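What's in data_10.cif: mmCIF, C-alpha atoms, pLDDT in the B column; chains and numbers go by the auth columns
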```cif
data_query
loop_
_atom_site.group_PDB
_atom_site.id
_atom_site.type_symbol
_atom_site.label_atom_id
_atom_site.label_comp_id
_atom_site.label_asym_id
_atom_site.label_seq_id
_atom_site.Cartn_x
_atom_site.Cartn_y
_atom_site.Cartn_z
_atom_site.B_iso_or_equiv
_atom_site.auth_seq_id
_atom_site.auth_asym_id
ATOM 1 C CA MET A 1 -26.872 -82.237 104.088 95.00 6 A
ATOM 2 C CA VAL A 2 -28.330 -85.605 103.141 96.00 7 A
ATOM 3 C CA GLU A 3 -31.907 -85.245 104.382 96.00 8 A
ATOM 4 C CA SER A 4 -34.066 -83.823 107.143 96.00 9 A
ATOM 5 C CA VAL A 5 -37.241 -85.267 108.637 95.00 10 A
ATOM 6 C CA GLY A 6 -39.177 -83.238 111.177 93.00 11 A
ATOM 7 C CA ASP A 7 -36.913 -82.191 114.040 90.00 12 A
ATOM 8 C CA TYR A 8 -33.896 -84.206 112.827 94.00 13 A
ATOM 9 C CA TYR A 9 -31.341 -84.041 110.068 96.00 14 A
ATOM 10 C CA ALA A 10 -28.699 -86.324 108.555 97.00 15 A
ATOM 11 C CA PHE A 11 -25.474 -84.939 107.150 97.00 16 A
ATOM 12 C CA CYS A 12 -21.952 -85.915 106.171 96.00 17 A
ATOM 13 C CA PRO A 13 -19.727 -84.025 108.621 95.00 18 A
ATOM 14 C CA TYR A 14 -16.843 -81.858 107.574 91.00 19 A
ATOM 15 C CA ALA A 15 -13.580 -83.812 107.909 87.00 20 A
ATOM 16 C CA SER A 16 -15.394 -87.156 107.896 91.00 21 A
ATOM 17 C CA ARG A 17 -13.211 -89.973 109.180 90.00 22 A
ATOM 18 C CA VAL A 18 -14.424 -92.532 106.627 91.00 23 A
ATOM 19 C CA PRO A 19 -16.164 -92.296 103.230 93.00 24 A
ATOM 20 C CA TYR A 20 -19.939 -91.757 103.573 96.00 25 A
ATOM 21 C CA GLU A 21 -19.834 -91.103 107.320 96.00 26 A
ATOM 22 C CA VAL A 22 -23.227 -89.726 108.380 98.00 27 A
ATOM 23 C CA TRP A 23 -24.371 -88.039 111.577 97.00 28 A
ATOM 24 C CA LEU A 24 -27.999 -87.781 112.724 97.00 29 A
ATOM 25 C CA MET A 25 -28.778 -84.919 115.048 95.00 30 A
ATOM 26 C CA PRO A 26 -31.785 -82.991 116.404 93.00 31 A
ATOM 27 C CA ARG A 27 -32.306 -79.461 115.099 91.00 32 A
ATOM 28 C CA THR A 28 -32.575 -77.989 118.589 89.00 33 A
ATOM 29 C CA HIS A 29 -29.959 -78.350 121.306 89.00 34 A
ATOM 30 C CA ASN A 30 -30.471 -81.327 123.567 89.00 35 A
ATOM 31 C CA HIS A 31 -27.678 -82.910 125.592 89.00 36 A
ATOM 32 C CA GLN A 32 -29.442 -86.152 126.553 88.00 37 A
ATOM 33 C CA PHE A 33 -30.733 -88.642 124.018 90.00 38 A
ATOM 34 C CA GLU A 34 -33.041 -90.082 126.661 86.00 39 A
ATOM 35 C CA GLY A 35 -34.459 -86.644 127.528 80.00 40 A
ATOM 36 C CA ARG A 36 -37.240 -85.399 125.269 75.00 41 A
ATOM 37 C CA LEU A 37 -37.945 -81.852 124.194 70.00 42 A
ATOM 38 C CA ALA A 38 -41.427 -80.381 123.966 67.00 43 A
ATOM 39 C CA GLY A 39 -42.968 -81.133 120.577 70.00 44 A
ATOM 40 C CA GLU A 40 -40.219 -83.590 119.643 73.00 45 A
ATOM 41 C CA ASN A 41 -41.377 -86.567 117.612 84.00 46 A
ATOM 42 C CA ARG A 42 -39.058 -89.575 117.826 88.00 47 A
ATOM 43 C CA ARG A 43 -40.924 -91.224 114.934 91.00 48 A
ATOM 44 C CA ASN A 44 -39.218 -88.686 112.706 93.00 49 A
ATOM 45 C CA LEU A 45 -35.839 -89.843 114.050 94.00 50 A
ATOM 46 C CA ALA A 46 -36.760 -93.492 113.443 94.00 51 A
ATOM 47 C CA SER A 47 -37.846 -92.662 109.902 95.00 52 A
ATOM 48 C CA LEU A 48 -34.679 -90.693 109.174 96.00 53 A
ATOM 49 C CA LEU A 49 -32.482 -93.421 110.664 97.00 54 A
ATOM 50 C CA GLY A 50 -34.175 -96.092 108.552 97.00 55 A
ATOM 51 C CA ARG A 51 -33.935 -94.034 105.354 97.00 56 A
ATOM 52 C CA THR A 52 -30.262 -93.234 106.055 97.00 57 A
ATOM 53 C CA LEU A 53 -29.359 -96.869 106.730 97.00 58 A
ATOM 54 C CA ARG A 54 -31.112 -97.992 103.520 96.00 59 A
ATOM 55 C CA ARG A 55 -29.097 -95.399 101.607 96.00 60 A
ATOM 56 C CA LEU A 56 -25.852 -96.534 103.229 96.00 61 A
ATOM 57 C CA LEU A 57 -26.594 -100.187 102.473 94.00 62 A
ATOM 58 C CA GLN A 58 -26.180 -99.288 98.802 93.00 63 A
ATOM 59 C CA VAL A 59 -22.639 -98.151 99.625 92.00 64 A
ATOM 60 C CA SER A 60 -21.625 -100.784 102.198 92.00 65 A
ATOM 61 C CA GLU A 61 -23.263 -103.736 103.923 91.00 66 A
ATOM 62 C CA SER A 62 -21.407 -103.122 107.192 93.00 67 A
ATOM 63 C CA TYR A 63 -21.156 -100.101 109.444 94.00 68 A
ATOM 64 C CA HIS A 64 -20.456 -98.927 112.959 95.00 69 A
ATOM 65 C CA MET A 65 -23.222 -96.940 114.648 96.00 70 A
ATOM 66 C CA VAL A 66 -22.497 -94.994 117.832 96.00 71 A
ATOM 67 C CA LEU A 67 -24.854 -92.933 119.988 96.00 72 A
ATOM 68 C CA HIS A 68 -23.142 -89.991 121.722 94.00 73 A
ATOM 69 C CA THR A 69 -25.039 -88.542 124.668 91.00 74 A
ATOM 70 C CA SER A 70 -24.088 -86.710 127.850 88.00 75 A
ATOM 71 C CA PRO A 71 -22.803 -88.588 130.889 82.00 76 A
ATOM 72 C CA ASN A 72 -25.121 -89.536 133.696 74.00 77 A
ATOM 73 C CA THR A 73 -25.603 -86.402 135.786 67.00 78 A
ATOM 74 C CA LEU A 74 -27.751 -87.970 138.506 67.00 79 A
ATOM 75 C CA GLN A 75 -24.694 -88.417 140.739 63.00 80 A
ATOM 76 C CA THR A 76 -23.704 -84.843 141.605 62.00 81 A
ATOM 77 C CA LYS A 77 -21.535 -85.537 144.646 64.00 82 A
ATOM 78 C CA GLY A 78 -17.778 -85.773 144.786 63.00 83 A
ATOM 79 C CA GLU A 79 -14.845 -84.143 143.073 64.00 84 A
ATOM 80 C CA LEU A 80 -16.601 -83.796 139.688 60.00 85 A
ATOM 81 C CA SER A 81 -19.719 -82.048 141.026 65.00 86 A
ATOM 82 C CA ASP A 82 -18.608 -78.633 139.699 69.00 87 A
ATOM 83 C CA TYR A 83 -17.677 -80.135 136.345 68.00 88 A
ATOM 84 C CA TRP A 84 -21.171 -81.602 135.830 72.00 89 A
ATOM 85 C CA ARG A 85 -22.840 -78.171 136.073 76.00 90 A
ATOM 86 C CA THR A 86 -21.991 -77.272 132.463 83.00 91 A
ATOM 87 C CA ILE A 87 -22.819 -80.659 130.912 83.00 92 A
ATOM 88 C CA ALA A 88 -26.130 -79.443 129.452 85.00 93 A
ATOM 89 C CA GLY A 89 -24.309 -76.784 127.453 88.00 94 A
ATOM 90 C CA ASP A 90 -21.230 -78.867 126.642 86.00 95 A
ATOM 91 C CA TYR A 91 -22.921 -81.854 124.984 88.00 96 A
ATOM 92 C CA HIS A 92 -25.236 -82.226 121.989 91.00 97 A
ATOM 93 C CA TRP A 93 -26.388 -85.801 121.467 94.00 98 A
ATOM 94 C CA HIS A 94 -25.997 -87.328 118.017 96.00 99 A
ATOM 95 C CA ILE A 95 -25.740 -90.649 116.214 97.00 100 A
ATOM 96 C CA GLU A 96 -22.647 -91.393 114.116 97.00 101 A
ATOM 97 C CA ILE A 97 -22.794 -94.015 111.360 97.00 102 A
ATOM 98 C CA LEU A 98 -19.431 -95.056 109.901 95.00 103 A
ATOM 99 C CA PRO A 99 -19.696 -97.421 106.921 94.00 104 A
ATOM 100 C CA ILE A 100 -16.985 -100.036 106.550 90.00 105 A
ATOM 101 C CA VAL A 101 -15.934 -99.743 102.942 79.00 106 A
ATOM 102 C CA GLN A 102 -15.041 -103.109 101.407 60.00 107 A
ATOM 103 C CA GLN A 103 -12.204 -101.776 99.266 58.00 108 A
ATOM 104 C CA ARG A 104 -8.764 -101.508 100.766 54.00 109 A
ATOM 105 C CA SER A 105 -9.021 -98.214 102.531 50.00 110 A
ATOM 106 C CA LYS A 106 -6.611 -96.478 104.836 53.00 111 A
ATOM 107 C CA SER A 107 -9.569 -95.250 106.889 52.00 112 A
ATOM 108 C CA TYR A 108 -9.254 -98.081 109.443 53.00 113 A
ATOM 109 C CA SER A 109 -5.660 -99.149 108.923 51.00 114 A
ATOM 110 C CA ILE A 110 -3.963 -96.872 111.446 51.00 115 A
ATOM 111 C CA LYS A 111 -5.448 -96.509 114.890 62.00 116 A
ATOM 112 C CA GLU A 112 -6.811 -92.997 115.565 66.00 117 A
ATOM 113 C CA ILE A 113 -5.422 -91.609 112.306 70.00 118 A
ATOM 114 C CA TYR A 114 -7.951 -91.418 109.493 74.00 119 A
ATOM 115 C CA PHE A 115 -7.647 -90.944 105.768 75.00 120 A
ATOM 116 C CA ASN A 116 -10.776 -90.301 103.729 84.00 121 A
ATOM 117 C CA GLY A 117 -10.428 -89.830 99.986 85.00 122 A
ATOM 118 C CA THR A 118 -14.122 -88.921 99.549 90.00 123 A
ATOM 119 C CA LEU A 119 -15.199 -85.329 100.137 91.00 124 A
ATOM 120 C CA PRO A 120 -18.202 -85.066 102.487 91.00 125 A
ATOM 121 C CA GLU A 121 -19.985 -82.857 99.944 94.00 126 A
ATOM 122 C CA ASP A 122 -19.638 -85.577 97.288 94.00 127 A
ATOM 123 C CA ALA A 123 -20.761 -88.282 99.709 94.00 128 A
ATOM 124 C CA ALA A 124 -23.866 -86.276 100.722 94.00 129 A
ATOM 125 C CA GLU A 125 -24.767 -85.637 97.097 95.00 130 A
ATOM 126 C CA SER A 126 -24.356 -89.314 96.256 93.00 131 A
ATOM 127 C CA LEU A 127 -26.513 -90.364 99.225 94.00 132 A
ATOM 128 C CA ARG A 128 -29.209 -87.817 98.323 93.00 133 A
ATOM 129 C CA LYS A 129 -29.430 -89.385 94.849 93.00 134 A
ATOM 130 C CA THR A 130 -29.922 -92.924 96.177 91.00 135 A
ATOM 131 C CA ASP A 131 -33.418 -94.266 96.733 87.00 136 A
ATOM 132 C CA PRO A 132 -34.003 -94.792 100.498 89.00 137 A
ATOM 133 C CA SER A 133 -37.082 -96.957 99.879 83.00 138 A
ATOM 134 C CA ILE A 134 -35.068 -99.934 98.601 69.00 139 A
#
```

Can the structure in the file be given as structure tokens, please?
Amino acid sequence: MVESVGDYYAFCPYASRVPYEVWLMPRTHNHQFEGRLAGENRRNLASLLGRTLRRLLQVSESYHMVLHTSPNTLQTKGELSDYWRTIAGDYHWHIEILPIVQQRSKSYSIKEIYFNGTLPEDAAESLRKTDPSI
């Protein structure tokens, strides 16, 4: 765990693909990023995202950031209509931030095969120690 703010938390996932990979996720289950939950405060997410990015900038100046959310379920006709019924339980939206480490790393050298020499626990501890206000 790197940090939590309100309804959201940032953590380095187990089996991270690259050093210092961080995910941001809501505490309660929600399959759609664009759908709000009662009592949810997106300012907390914005604050956590900003603090996390400032921490990561001390590790790397470049990163990939990807938002994972459920597919559009407004179209419920056709051959996939039964499949879409379980989408709300199958997905949990989250943001993945993958720093691009400047050193020669095998993490991006082979497509779809990752090597990460940094343990997620060590990366989280290192990020916790950095000052996010810089």

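If you look at atom CA of His73 of chain A and atom CA of Asn46 of chain A, they are 19.0 Å away from each other.
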
Selection near Met30 of chain A, 6 Å with only C-alpha atoms, sequence-local residues under 4 positions removed, as a count of residues only: 3

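One distance worth recording is that between atom CA of Leu53 of chain A and atom CA of Glu126 of chain A, which is 19.0 Å.
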
Run through the PyMOL selection byres ((chain A and resi 17) around 9) on the given coordinates and return the selected residues as a PDB file with C-alpha atoms, in the coordinates of the input.
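Result file selection_15.pdb:
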```pdb
ATOM      1  CA  MET A   6     -26.872 -82.237 104.088  1.00 95.00           C
ATOM      2  CA  VAL A   7     -28.330 -85.605 103.141  1.00 96.00           C
ATOM      3  CA  ALA A  15     -28.699 -86.324 108.555  1.00 97.00           C
ATOM      4  CA  PHE A  16     -25.474 -84.939 107.150  1.00 97.00           C
ATOM      5  CA  PRO A  18     -19.727 -84.025 108.621  1.00 95.00           C
ATOM      6  CA  TYR A  19     -16.843 -81.858 107.574  1.00 91.00           C
ATOM      7  CA  ALA A  20     -13.580 -83.812 107.909  1.00 87.00           C
ATOM      8  CA  SER A  21     -15.394 -87.156 107.896  1.00 91.00           C
ATOM      9  CA  TYR A  25     -19.939 -91.757 103.573  1.00 96.00           C
ATOM     10  CA  GLU A  26     -19.834 -91.103 107.320  1.00 96.00           C
ATOM     11  CA  VAL A  27     -23.227 -89.726 108.380  1.00 98.00           C
ATOM     12  CA  TRP A  28     -24.371 -88.039 111.577  1.00 97.00           C
ATOM     13  CA  PRO A 125     -18.202 -85.066 102.487  1.00 91.00           C
ATOM     14  CA  GLU A 126     -19.985 -82.857  99.944  1.00 94.00           C
ATOM     15  CA  ALA A 128     -20.761 -88.282  99.709  1.00 94.00           C
ATOM     16  CA  ALA A 129     -23.866 -86.276 100.722  1.00 94.00           C
TER      17      ALA A 129
END
```

Please work out which residues fall within 10 Å of (-31.2, -87.3, 124.0), coordinates as given in the file, with only C-alpha atoms counting, and return them as JSON, numbers by chain. {"A": [30, 31, 34, 35, 36, 37, 38, 39, 40, 41, 42, 72, 73, 74, 75, 96, 97, 98, 99]}

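Closest approach to Val71 of chain A from the set A:Gly44, A:Gly94, A:Pro24, A:Pro104 is made by A:Pro104, with distances taken over all atoms listed in the file.
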